[in-house]
Amino acid sequence: MVVLSQPALDHFSLIKACKPTGLLADIPVIDFTDPKAKDQIVKACEEFGFFKLVNHGVPMEFMSRIEAEAVNFFNLPQSVKDKAGPPDPFGYGSKRIGPNGDVGWIEYLLLNTNPQFTSQKTLAIFQENPEVFRCAVDDYIHAVKGMAYEILELMAEGLNIEPNNVLSRLVRHENSDSCFRLNYYPPCPELQALSGRNLIGFGEHTDPQIISVLRSNNTSGLQICLRDGTWVSVPSDQTSFFINVGDALQVMTNGRLNSVKHRVLADTKKSRVSMIYFGGPPLSEKIAPLPQLVAKEEDSLYKEFTWCEYKNSAYKSKLADYRLGPFEKTVG
Ligand SMILES: C=C1C[C@]23C[C@@]1(O)CC[C@H]2[C@@]12CC[C@H](O)[C@@](C)(C(=O)O1)[C@H]2[C@@H]3C(=O)O
Ligand SMILES: O=C(O)CCC(=O)C(=O)O
Ligand SMILES: [Fe+2]
């Protein structure tokens, strides 16, 4: 990424620095080995749509290996990285997020986790270091997928809905439309001159899918929006995972679990590297509130739609848009 002079930062979103925000104690921490995890997961997803997962069993080696490979990629000359872009939506992207004019202080790689959909752009990602990078990505995705399935199964148990794979089966499906993102937020030293301002790395949004599993290096920057509208910083922890409820899960639970609004701020000195697995349903899957969670038909808050319809609509929206709006049932 080209280092910009201070006036050039005007193209990016600067926001007022926030007051020192909530501490780790405010963010729910779930121990995966705790027998009470299923109830705690549901509580966290009702209140925050977000939690931190510890004792998850994914070897640190998998995380370090993919992180090192990602850093190698983002340190390649711009002309080499550009061979894997622009994103369509998969591939390498820089500054522009999505097709509708959103920008951020970020570089990223977006991959489809289904090898059936490997495009030329995706192949170009692995051009410089094919074996090692691809293997690191495959091992990592395999591990976090397994974890996502288990979380969704515990969630179903905590919600008292049967069978316990009612949520996980969509993400487990061989045609599940899931993706994987590696984000790199370079440090922005020019920020120091802009005292009292923060630079947006990734603008506020909710994730459209069912579940997102995020892991980052030890540079913070991630913030989540609480139900009262305040933003809190999530202290980084490179050994843990952070789980987000996505829009599709909000719909399936008829709004009982909430997709969390989140964003990332750039740092002046340190780069942030994050990796996110977005577990989504097959494109043809019908998404609607689960009957077990809706007492009467008229209590259903959302219309039925296919994941393909939702994605098409999401890709016409800007990051901060409320994407579920067109799928809400109107009262009266
Ligand atoms: C502005 C956009 C980027 C995005 C597609 C969209 O039109 C709206 C949703 C965005 C988002 C947020 C979560 C994930 O990072 C992502 C891959 C996704 O599925 O939805 C991105 C999309 C993207 O960057 O292509
Ligand atoms: O980089 C992060 O920590 C979060 C990025 C994010 O929200 C996304 O890629 O959807
Ligand atoms: Fe996100």
# chains A, B, ... in the order shown; residues from 1 in each chain; ligands from 1

call {"tool": "closest_atom_pairs", "arguments": {"of": "chain A", "to": "ligand 2", "cutoff": "9 Å", "atoms": "only C-alpha atoms and all ligand atoms", "output": "CSV"}}
result
residue,atom,partner,partner_atom_place_in_ligand_line,distance
A:Ile106,CA,ligand 2,1 (O),8.8
A:Tyr108,CA,ligand 2,9 (O),8.6
A:Leu110,CA,ligand 2,9 (O),9.0
A:Phe180,CA,ligand 2,9 (O),8.7
A:Arg181,CA,ligand 2,9 (O),6.2
A:Leu182,CA,ligand 2,9 (O),7.6
A:Asn183,CA,ligand 2,1 (O),5.5
A:Tyr184,CA,ligand 2,1 (O),7.5
A:Tyr185,CA,ligand 2,1 (O),7.9
A:Gly201,CA,ligand 2,1 (O),8.0
A:Phe202,CA,ligand 2,5 (C),6.3
A:Gly203,CA,ligand 2,7 (O),8.1
A:Glu204,CA,ligand 2,7 (O),7.9
A:His205,CA,ligand 2,7 (O),7.2
A:Thr206,CA,ligand 2,10 (O),7.5
A:Asp207,CA,ligand 2,10 (O),5.9
A:Ser212,CA,ligand 2,10 (O),8.1
A:Leu214,CA,ligand 2,3 (O),6.7
A:Arg215,CA,ligand 2,3 (O),7.3
A:Ser216,CA,ligand 2,3 (O),6.4
A:Ser220,CA,ligand 2,3 (O),8.3
A:Gly221,CA,ligand 2,3 (O),7.1
A:Leu222,CA,ligand 2,3 (O),5.2
A:Gln223,CA,ligand 2,3 (O),8.4
A:Lys261,CA,ligand 2,7 (O),8.8
A:His262,CA,ligand 2,7 (O),6.2
A:Arg263,CA,ligand 2,7 (O),5.9
A:Val264,CA,ligand 2,2 (C),5.9
A:Arg272,CA,ligand 2,1 (O),7.7
A:Val273,CA,ligand 2,1 (O),7.0
A:Ser274,CA,ligand 2,1 (O),4.8
A:Met275,CA,ligand 2,1 (O),6.8
A:Ile276,CA,ligand 2,9 (O),6.3
A:Tyr277,CA,ligand 2,9 (O),8.9
A:Phe278,CA,ligand 2,10 (O),8.3

call {"tool": "write_last_selection", "arguments": {"atoms": "C-alpha atoms", "output": "PDB file, in the first residue's frame"}}
result
ATOM      1  CA  ILE A 106      -6.729  -2.057   4.334  1.00  0.00           C
ATOM      2  CA  TYR A 108      -7.039  -8.076   1.814  1.00  0.00           C
ATOM      3  CA  LEU A 110     -10.861 -12.943  -0.205  1.00  0.00           C
ATOM      4  CA  PHE A 180     -12.315 -16.738   4.019  1.00  0.00           C
ATOM      5  CA  ARG A 181     -10.706 -13.355   4.322  1.00  0.00           C
ATOM      6  CA  LEU A 182      -7.176 -12.282   5.234  1.00  0.00           C
ATOM      7  CA  ASN A 183      -7.010  -8.605   6.165  1.00  0.00           C
ATOM      8  CA  TYR A 184      -3.874  -6.518   6.510  1.00  0.00           C
ATOM      9  CA  TYR A 185      -4.123  -3.050   8.035  1.00  0.00           C
ATOM     10  CA  GLY A 201      -9.556   0.411   8.466  1.00  0.00           C
ATOM     11  CA  PHE A 202     -12.825  -1.431   7.808  1.00  0.00           C
ATOM     12  CA  GLY A 203     -16.070   0.531   8.088  1.00  0.00           C
ATOM     13  CA  GLU A 204     -18.989  -0.450  10.289  1.00  0.00           C
ATOM     14  CA  HIS A 205     -21.082  -3.348   9.053  1.00  0.00           C
ATOM     15  CA  THR A 206     -22.673  -6.631  10.010  1.00  0.00           C
ATOM     16  CA  ASP A 207     -21.538  -9.865   8.388  1.00  0.00           C
ATOM     17  CA  SER A 212     -17.937 -15.502  11.435  1.00  0.00           C
ATOM     18  CA  LEU A 214     -12.200 -14.140  13.559  1.00  0.00           C
ATOM     19  CA  ARG A 215      -8.640 -14.321  14.741  1.00  0.00           C
ATOM     20  CA  SER A 216      -6.073 -11.515  14.680  1.00  0.00           C
ATOM     21  CA  SER A 220      -6.117  -4.224  18.431  1.00  0.00           C
ATOM     22  CA  GLY A 221      -8.464  -2.096  16.331  1.00  0.00           C
ATOM     23  CA  LEU A 222     -11.642  -4.165  16.269  1.00  0.00           C
ATOM     24  CA  GLN A 223     -14.654  -2.479  17.838  1.00  0.00           C
ATOM     25  CA  LYS A 261     -22.217  -4.264  14.047  1.00  0.00           C
ATOM     26  CA  HIS A 262     -18.424  -4.001  14.043  1.00  0.00           C
ATOM     27  CA  ARG A 263     -15.584  -1.994  12.495  1.00  0.00           C
ATOM     28  CA  VAL A 264     -11.801  -1.767  12.566  1.00  0.00           C
ATOM     29  CA  ARG A 272      -3.019  -5.577  12.177  1.00  0.00           C
ATOM     30  CA  VAL A 273      -3.467  -8.950  10.505  1.00  0.00           C
ATOM     31  CA  SER A 274      -6.827 -10.664  10.814  1.00  0.00           C
ATOM     32  CA  MET A 275      -8.315 -13.797   9.325  1.00  0.00           C
ATOM     33  CA  ILE A 276     -12.007 -14.493   9.204  1.00  0.00           C
ATOM     34  CA  TYR A 277     -13.960 -17.577   8.188  1.00  0.00           C
ATOM     35  CA  PHE A 278     -17.515 -16.669   7.158  1.00  0.00           C
TER      36      PHE A 278
END

call {"tool": "closest_atom_pairs", "arguments": {"of": "range 148-233 of chain A", "to": "range 305-314 of chain A", "cutoff": "12 Å", "atoms": "only C-alpha atoms", "output": "Markdown table"}}
result
| residue | atom | partner | partner_atom | distance |
| --- | --- | --- | --- | --- |
| A:Leu170 | CA | A:Trp307 | CA | 10.7 |
| A:Asn175 | CA | A:Trp307 | CA | 11.9 |
| A:Ser176 | CA | A:Trp307 | CA | 10.2 |
| A:Asp177 | CA | A:Trp307 | CA | 8.7 |
| A:Ser178 | CA | A:Trp307 | CA | 11.3 |
| A:His205 | CA | A:Ala314 | CA | 11.1 |
| A:Thr206 | CA | A:Ala314 | CA | 10.6 |
| A:Asp207 | CA | A:Ala314 | CA | 9.9 |
| A:Pro208 | CA | A:Ala314 | CA | 7.5 |
| A:Gln209 | CA | A:Trp307 | CA | 8.7 |
| A:Ile210 | CA | A:Trp307 | CA | 10.3 |

call {"tool": "write_last_selection", "arguments": {"atoms": "N, CA and C atoms", "output": "PDB file, in the first residue's frame"}}
result
ATOM      1  N   LEU A 170     -26.160 -26.313   7.520  1.00  0.00           N
ATOM      2  CA  LEU A 170     -26.065 -25.384   6.392  1.00  0.00           C
ATOM      3  C   LEU A 170     -24.611 -25.050   6.068  1.00  0.00           C
ATOM      4  N   ASN A 175     -22.167 -27.764  -0.515  1.00  0.00           N
ATOM      5  CA  ASN A 175     -22.275 -26.552  -1.342  1.00  0.00           C
ATOM      6  C   ASN A 175     -22.383 -25.282  -0.511  1.00  0.00           C
ATOM      7  N   SER A 176     -21.982 -25.383   0.747  1.00  0.00           N
ATOM      8  CA  SER A 176     -22.074 -24.192   1.611  1.00  0.00           C
ATOM      9  C   SER A 176     -21.298 -23.042   0.965  1.00  0.00           C
ATOM     10  N   ASP A 177     -21.931 -21.858   0.969  1.00  0.00           N
ATOM     11  CA  ASP A 177     -21.302 -20.693   0.338  1.00  0.00           C
ATOM     12  C   ASP A 177     -20.529 -19.921   1.426  1.00  0.00           C
ATOM     13  N   SER A 178     -19.384 -20.461   1.772  1.00  0.00           N
ATOM     14  CA  SER A 178     -18.578 -19.864   2.835  1.00  0.00           C
ATOM     15  C   SER A 178     -17.345 -19.222   2.223  1.00  0.00           C
ATOM     16  N   HIS A 205     -20.219  -2.448   9.828  1.00  0.00           N
ATOM     17  CA  HIS A 205     -21.082  -3.348   9.053  1.00  0.00           C
ATOM     18  C   HIS A 205     -21.460  -4.549   9.903  1.00  0.00           C
ATOM     19  N   THR A 206     -22.429  -5.298   9.449  1.00  0.00           N
ATOM     20  CA  THR A 206     -22.673  -6.631  10.010  1.00  0.00           C
ATOM     21  C   THR A 206     -22.248  -7.623   8.935  1.00  0.00           C
ATOM     22  N   ASP A 207     -21.902  -8.836   9.360  1.00  0.00           N
ATOM     23  CA  ASP A 207     -21.538  -9.865   8.388  1.00  0.00           C
ATOM     24  C   ASP A 207     -22.821 -10.553   7.914  1.00  0.00           C
ATOM     25  N   PRO A 208     -22.984 -10.737   6.611  1.00  0.00           N
ATOM     26  CA  PRO A 208     -24.251 -11.287   6.107  1.00  0.00           C
ATOM     27  C   PRO A 208     -24.495 -12.776   6.410  1.00  0.00           C
ATOM     28  N   GLN A 209     -23.422 -13.544   6.634  1.00  0.00           N
ATOM     29  CA  GLN A 209     -23.567 -15.007   6.704  1.00  0.00           C
ATOM     30  C   GLN A 209     -24.195 -15.480   8.015  1.00  0.00           C
ATOM     31  N   ILE A 210     -23.965 -16.764   8.353  1.00  0.00           N
ATOM     32  CA  ILE A 210     -24.512 -17.328   9.589  1.00  0.00           C
ATOM     33  C   ILE A 210     -23.571 -17.010  10.754  1.00  0.00           C
TER      34      ILE A 210
END

call {"tool": "atom_distance", "arguments": {"atom1": "CA of Gly98 in chain A", "atom2": "CA of Met252 in chain A"}}
result
25.2 Å

call {"tool": "select_by_dssp", "arguments": {"residues": "range 12-158 of chain A", "states": "strand (DSSP E or B)", "output": "ChimeraX atom specification"}}
result
/A:14-16,29-31,50-54,91-97,102-112

call {"tool": "write_last_selection", "arguments": {"atoms": "C-alpha atoms", "output": "PDB file, in the first residue's frame"}}
result
ATOM      1  CA  LEU A  14     -11.720   9.743   9.861  1.00  0.00           C
ATOM      2  CA  ILE A  15     -13.786   9.534  12.996  1.00  0.00           C
ATOM      3  CA  LYS A  16     -13.482  11.221  16.355  1.00  0.00           C
ATOM      4  CA  VAL A  29     -15.530 -15.056  27.184  1.00  0.00           C
ATOM      5  CA  ILE A  30     -16.615 -18.641  26.564  1.00  0.00           C
ATOM      6  CA  ASP A  31     -14.493 -21.598  27.573  1.00  0.00           C
ATOM      7  CA  PHE A  50     -20.344 -11.590  19.774  1.00  0.00           C
ATOM      8  CA  PHE A  51     -18.020 -13.483  22.113  1.00  0.00           C
ATOM      9  CA  LYS A  52     -14.444 -14.519  22.632  1.00  0.00           C
ATOM     10  CA  LEU A  53     -13.682 -18.231  22.557  1.00  0.00           C
ATOM     11  CA  VAL A  54     -10.875 -19.715  24.659  1.00  0.00           C
ATOM     12  CA  GLY A  91      -8.878 -12.151  -5.004  1.00  0.00           C
ATOM     13  CA  TYR A  92      -6.628  -9.358  -3.765  1.00  0.00           C
ATOM     14  CA  GLY A  93      -8.025  -5.939  -2.904  1.00  0.00           C
ATOM     15  CA  SER A  94      -6.559  -2.728  -1.611  1.00  0.00           C
ATOM     16  CA  LYS A  95      -8.435   0.226  -0.088  1.00  0.00           C
ATOM     17  CA  ARG A  96     -11.707  -0.525  -1.913  1.00  0.00           C
ATOM     18  CA  ILE A  97     -14.104  -2.824  -0.068  1.00  0.00           C
ATOM     19  CA  ASP A 102     -16.545   1.803   0.357  1.00  0.00           C
ATOM     20  CA  VAL A 103     -12.905   2.475   1.185  1.00  0.00           C
ATOM     21  CA  GLY A 104     -10.718   1.560   4.137  1.00  0.00           C
ATOM     22  CA  TRP A 105      -7.111   1.586   5.278  1.00  0.00           C
ATOM     23  CA  ILE A 106      -6.729  -2.057   4.334  1.00  0.00           C
ATOM     24  CA  GLU A 107      -5.383  -4.668   1.964  1.00  0.00           C
ATOM     25  CA  TYR A 108      -7.039  -8.076   1.814  1.00  0.00           C
ATOM     26  CA  LEU A 109      -7.407 -11.447   0.199  1.00  0.00           C
ATOM     27  CA  LEU A 110     -10.861 -12.943  -0.205  1.00  0.00           C
ATOM     28  CA  LEU A 111     -11.188 -16.648  -0.991  1.00  0.00           C
ATOM     29  CA  ASN A 112     -14.093 -19.014  -1.551  1.00  0.00           C
TER      30      ASN A 112
END

call {"tool": "closest_residue", "arguments": {"among": "A:Ala70, A:Val213, A:Ala37, A:Leu76", "to": "ligand 3", "atoms": "only C-alpha atoms and all ligand atoms"}}
result
A:Val213

call {"tool": "residues_around", "arguments": {"residues": "range 148-153 of chain A", "least_positions_apart": "3", "cutoff": "9 Å", "atoms": "only C-alpha atoms", "output": "count of residues only"}}
result
24

call {"tool": "closest_residue", "arguments": {"among": "A:Ser317, A:Ser259, A:Thr330, A:Ser300", "to": "ligand 3", "atoms": "only C-alpha atoms and all ligand atoms"}}
result
A:Ser259

call {"tool": "closest_residue", "arguments": {"among": "A:Ser233, A:Gln120, A:Asn75, A:Ser64", "to": "Tyr140 in chain A", "atoms": "only C-alpha atoms"}}
result
A:Ser64

call {"tool": "closest_residue", "arguments": {"among": "A:Pro89, A:Pro99, A:Gly49, A:Pro187", "to": "Thr122 in chain A", "atoms": "only C-alpha atoms"}}
result
A:Pro89

call {"tool": "closest_residue", "arguments": {"among": "A:Leu324, A:Cys188, A:Cys179, A:Val251", "to": "ligand 3", "atoms": "only C-alpha atoms and all ligand atoms"}}
result
A:Cys179

call {"tool": "atom_distance", "arguments": {"atom1": "atom 21 (C, counted along the ligand's line) of ligand 1", "atom2": "CA of Thr113 in chain A"}}
result
14.3 Å
